[in-house]
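In what follows, a single structure is set out as C-alpha cells and then discussed.
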Amino acid sequence: MRLLPLAPVLAIATSAAFGQLTIVSSTPGSFVDISASGTPLSLGDDGTVNIATTVGNALLAPGIVCIGSNGGVRFFGDELGLDYNNQMIPSMAAFSGEQVLLPFWDDIDTQGGNAGQILWEEIAGTFIVQWQDAQFYNNTDHATFQLQVFSSGPVHAQFVYADVLSPRADGGGGATIGYQAGTWGNDVQYSFDTSNAVTNGTVLSLEGTFSPPAPPPPAPCGQLLILDSLPGAFVDISASGIPLGLGDDAEVDIQTTVGNALFAAGTVRIGSNGGVRFGGAALELEYGNGQIPSNGAFSGEQALLPFWDDFNTGAGSAGEIYWDEVGGTLIVQWQDAQFYASTDSATFQLQVPSSGSALAHFVYTDVQQPRAAGGASATIGYQAGGIDVDVEWAFNIPGGVTDGTVLTLTDMPGVGQPYCGPSTGNSSGAPALIQACGATSVTVNDLRLTATQLPAGQIGYFLVGRAPGSFVPPNAAGPICLQGDIGRFNALPQIVAGPLGTLHVDLANLPTNAPGSQVALPGETLWFQCWYQDGSTSNFTDGVFVTLQ
C-alpha cells in the first residue's frame with residue numbers, strides 16, 4: 001500500500017465555506033431525456049434500490065445512492081425507505097431524515113415498469129434520475145420529471161419538470177419538493193402540497209455554500225447511549241398483563257423482581273404520562289414534557305421515558321396501561337392509550353431485561369396517529385438522576401420514532417483485542433491509542449473505533465487490514481501493523497482530528513487499496529489502526545483486531 005500525503009487532504013477538509021443553501025427557479029437548465037438510453041429500475045410500489053454513481057460534488061458524494069420510487073434519492077446514509085405519505089422537510093419518513101433530494105415526493109407507483117418507468121444514467125459528468133410517465137398509486141394520471149446532480153459548477157443539483165400538470169400531479173399539489181440535509185448543510189423546502197408550485201418547463205436549482213458537518217462522535221466504550229440498530233420485538237401483554245386503571249396524570253407503585261446493572265429490582269413507579277421511575281422517591285410525572293433532565297419527570301430522578309406526553313386513559317376507559325414480568329423481563333405497556341382531550345391514541349412499551357447487553361428497550365407499534373405524530377410533543381430517553389449519564393433520543397420531534405421502531409439503551413461494551421503496542425509517543429507527550437467497541441455482528445453493523453491521545457489539531461485516518469504486519473514507512477515515527485489489502489477511511493466525514501478521533505465502521509462498505517469497497521463477512525477478522533499527522537512526520541496508534549459474528 002502506498003501511503004498518500006496527509007497535507008493536501010487537510011486543505012480539502014477545510015476548504016468549504018460557511019453559507020446558506022437555497023433553491024431558485026432562475027438558473028438556466030434543460031431536460032436531458034434518458035428514457036431511451038437510461039437503465040430502467042422497474043421499481044414496485046414504495047420500492048427503493050441502491051445504485052453506484054461516480055458523479056458527485058462537495059455536497060452530494062459519489063458512491064452508493066438509494067433511489068426511491070416515490071420521487072426522491074438518498075445520498076448520505078444507509079436507510080432504505082421513502083414513505084408514500086409525503087411530509088414537510090425534514091421528515092423521518094424520507095430515509096429516516098438522512099440527506100435526500102426530493103424533486104417530487106408523492107405516492108408514485110410505476111408497478112415494476114408497467115405504469116411508467118424510473119431510469120438512471122451518467123452523461124458527461126452529470127448523474128440523472130428520471131421518472132418517465134410515472135403513474136400515481138391507484139391512478140392512471142402520470143408525471144415526468146428528473147433529477148440532475150453535477151460534478152462541478154456552482155449548482156449542486158437541478159430538478160427539471162417536463163409533465164407535471166395532470167390532475168393528480170397538480171404541479172405538486174400532493175408533493176414535497178426540496179432538499180433534506182440530514183447533517184449536510186441546511187434543509188431547503190421549496191414547496192409542500194402546493195398546487196402549481198412547479199409547471200411544465202420549470203427548472204429548480206439547489207445552489208449556495210455550506211459547512212461540511214463534523215460527524216457526531218460515537219460514544220466511548222462504556223458510555224450509555226440509545227441505538228435504533230439493535231434487534232428487539234414487541235411482546236404483547238394486553239391479554240396477560242395486570243391493568244393499572246390509571247386516571248389523568250396518575251402514578252402507581254408496583255413491585256418487580258426484575259433488575260439489572262442499571263435498574264434495581266424492587267419498587268418502581270409507573271406514570272400514566274409515558275414514563276417509569278426507578279431510583280428515588282419522587283411521585284409525579286407531569287403532563288407537560290420537558291428536555292432531559294427535567295424536574296417535571298419525577299423531580300429529575302432516575303426514569304425511563306419511552307414516550308413522555310399528556311396521556312389520559314380514563315382509568316381504563318380510554319385505553320389501558322399494563323405491566324407484567326415475562327421470561328426475566330419487566331414489561332410496561334401503554335395499549336391504545338388516548339391523549340388528553342383527544343381520541344387519538346398510541347401503543348408502545350418499555351422492556352427492562354434482567355440480563356444481556358441491553359439495559360432497556362422502547363418498542364413502538366402505533367405512534368403515528370395525528371396527535372402522536374411519532375413524538376411531535378413527546379420526550380424519549382433515559383433520565384439518569386445521578387446514575388450514569390442522561391441520554392435523550394428525541395424532544396418534540398415529529399417522526400422521532402415510527403411504528404416498528406425499537407430503541408435500545410446500552411452501555412456500548414468494548415470489543416476486540418489490542419496488539420502491536422504500545423505505540424511510539426507523539427508531540428502530545430503520550431502514545432496514541434485505539435479502542436473498538438459496540439457490536440461485532442455484521443447484521444447489527446454497529447462497530448465503532450476511538451483513537452485517543454492524538455496530537456491536537458492534527459488530522460488522521462483510520463485504516464483497516466485483513467492481516468497483521470509490522471513495518472515503518474518512510475517519514476513515519478512508528479510502525480504500520482497491517483499488511484495486504486489495506487483500506488483507508490478517507491471520505492470527508494471519516495477524517496479525524498486530534499486529540500480524539502472516532503469512526504462508525506460501515507461493515508457493508510469497507511475501503512480497500514483498490515477502487516470500490518468490500519463487504520465484511522461473519523467469521524472474518526479485521527485489523528485496525530489510526531494513522532495521523534504529527535508536525536512534519538506521521539505516526540500510528542497501536543492496533544486492535546475484531547473477529548466478526
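By order of appearance in the C-alpha cells: chains A, B, ..., then residues from 1 within every chain, and ligands from 1 in the order shown.
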### Query
If we count only C-alpha atoms, what is near segment 437-454 of chain A at a cut-off of 6 Å, once residues fewer than 6 positions away on the same chain are taken out, given as an NGL selection string?
:A and (221 or 412-415 or 498-505 or 507 or 548-549)
Can those selected residues be exported to a file as a PDB file, in the first residue's frame so that it contains N, CA and C atoms?
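Saved as selection_21.pdb:
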```
ATOM      1  N   CYS A 221     -16.308   3.635  24.638  1.00  0.00           N
ATOM      2  CA  CYS A 221     -16.720   2.364  25.221  1.00  0.00           C
ATOM      3  C   CYS A 221     -17.108   2.561  26.674  1.00  0.00           C
ATOM      4  N   MET A 412     -22.566   0.214  25.335  1.00  0.00           N
ATOM      5  CA  MET A 412     -21.521   0.158  24.325  1.00  0.00           C
ATOM      6  C   MET A 412     -20.265  -0.553  24.832  1.00  0.00           C
ATOM      7  N   PRO A 413     -20.313  -1.871  24.980  1.00  0.00           N
ATOM      8  CA  PRO A 413     -19.174  -2.598  25.544  1.00  0.00           C
ATOM      9  C   PRO A 413     -17.963  -2.589  24.616  1.00  0.00           C
ATOM     10  N   GLY A 414     -16.762  -2.654  25.213  1.00  0.00           N
ATOM     11  CA  GLY A 414     -15.553  -2.775  24.433  1.00  0.00           C
ATOM     12  C   GLY A 414     -15.466  -4.149  23.789  1.00  0.00           C
ATOM     13  N   VAL A 415     -14.922  -4.214  22.577  1.00  0.00           N
ATOM     14  CA  VAL A 415     -14.766  -5.480  21.860  1.00  0.00           C
ATOM     15  C   VAL A 415     -13.360  -5.530  21.278  1.00  0.00           C
ATOM     16  N   GLY A 498      -7.092  15.385  16.007  1.00  0.00           N
ATOM     17  CA  GLY A 498      -6.769  15.200  17.411  1.00  0.00           C
ATOM     18  C   GLY A 498      -7.323  16.303  18.291  1.00  0.00           C
ATOM     19  N   PRO A 499      -7.431  15.988  19.585  1.00  0.00           N
ATOM     20  CA  PRO A 499      -6.816  14.857  20.285  1.00  0.00           C
ATOM     21  C   PRO A 499      -7.659  13.571  20.314  1.00  0.00           C
ATOM     22  N   LEU A 500      -8.921  13.620  19.826  1.00  0.00           N
ATOM     23  CA  LEU A 500      -9.799  12.452  19.876  1.00  0.00           C
ATOM     24  C   LEU A 500     -10.413  12.238  18.505  1.00  0.00           C
ATOM     25  N   GLY A 501     -10.304  11.015  17.988  1.00  0.00           N
ATOM     26  CA  GLY A 501     -10.920  10.699  16.712  1.00  0.00           C
ATOM     27  C   GLY A 501     -11.832   9.499  16.847  1.00  0.00           C
ATOM     28  N   THR A 502     -12.963   9.535  16.161  1.00  0.00           N
ATOM     29  CA  THR A 502     -13.935   8.451  16.264  1.00  0.00           C
ATOM     30  C   THR A 502     -14.457   8.074  14.881  1.00  0.00           C
ATOM     31  N   LEU A 503     -14.933   6.852  14.739  1.00  0.00           N
ATOM     32  CA  LEU A 503     -15.461   6.364  13.469  1.00  0.00           C
ATOM     33  C   LEU A 503     -16.493   5.284  13.725  1.00  0.00           C
ATOM     34  N   HIS A 504     -17.648   5.400  13.054  1.00  0.00           N
ATOM     35  CA  HIS A 504     -18.634   4.320  12.997  1.00  0.00           C
ATOM     36  C   HIS A 504     -18.316   3.512  11.747  1.00  0.00           C
ATOM     37  N   VAL A 505     -17.836   2.289  11.914  1.00  0.00           N
ATOM     38  CA  VAL A 505     -17.381   1.461  10.790  1.00  0.00           C
ATOM     39  C   VAL A 505     -18.591   0.863  10.083  1.00  0.00           C
ATOM     40  N   LEU A 507     -19.663  -1.898   8.050  1.00  0.00           N
ATOM     41  CA  LEU A 507     -19.151  -3.210   7.660  1.00  0.00           C
ATOM     42  C   LEU A 507     -19.629  -3.648   6.281  1.00  0.00           C
ATOM     43  N   LEU A 548     -15.509 -10.918  13.621  1.00  0.00           N
ATOM     44  CA  LEU A 548     -16.919 -10.614  13.410  1.00  0.00           C
ATOM     45  C   LEU A 548     -17.790 -11.852  13.569  1.00  0.00           C
ATOM     46  N   GLN A 549     -19.038 -11.609  13.887  1.00  0.00           N
ATOM     47  CA  GLN A 549     -20.014 -12.682  14.031  1.00  0.00           C
ATOM     48  C   GLN A 549     -21.086 -12.558  12.958  1.00  0.00           C
TER      49      GLN A 549
END
```
### Task
Excluding Ala169 of chain A and any residue of its chain fewer than 6 positions from it, enumerate the residues within 9 Å of it, using only C-alpha atoms, and give them as JSON, numbers by chain.
{"A": [106, 136, 141, 142, 143, 163, 175, 195]}
#### Entry: Nearest-residue call for Leu119 of chain A, choices A:Asp33, A:Asp45, A:Glu284, A:Asp366, using only C-alpha atoms
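When distances to Leu119 of chain A are compared using only C-alpha atoms, the smallest one comes from A:Asp33.
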### Task
Excluding Ala162 of chain A and any residue of its chain fewer than 3 positions from it, enumerate the residues within 7 Å of it, using only C-alpha atoms, and give them as an MDAnalysis selection string.
chainID A and resid 144:145 200:201
### Query
Out of segment 325-494 of chain A, which residues get strand (DSSP E or B) from DSSP, as a VMD selection string?
chain A and resid 325 to 326 329 to 339 345 to 353 358 to 366 379 to 383 391 to 395 406 to 410 414 to 415 417 to 419 425 431 433 to 438 447 to 452 456 459 to 465 467 to 471 476 480 to 483 487 to 488
### Query
At what distance in Å, to one decimal, does atom CA of Phe263 of chain A lie from atom CA of Val363 of chain A?
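So the two atoms, atom CA of Val363 of chain A and atom CA of Phe263 of chain A, lie 18.0 Å apart.
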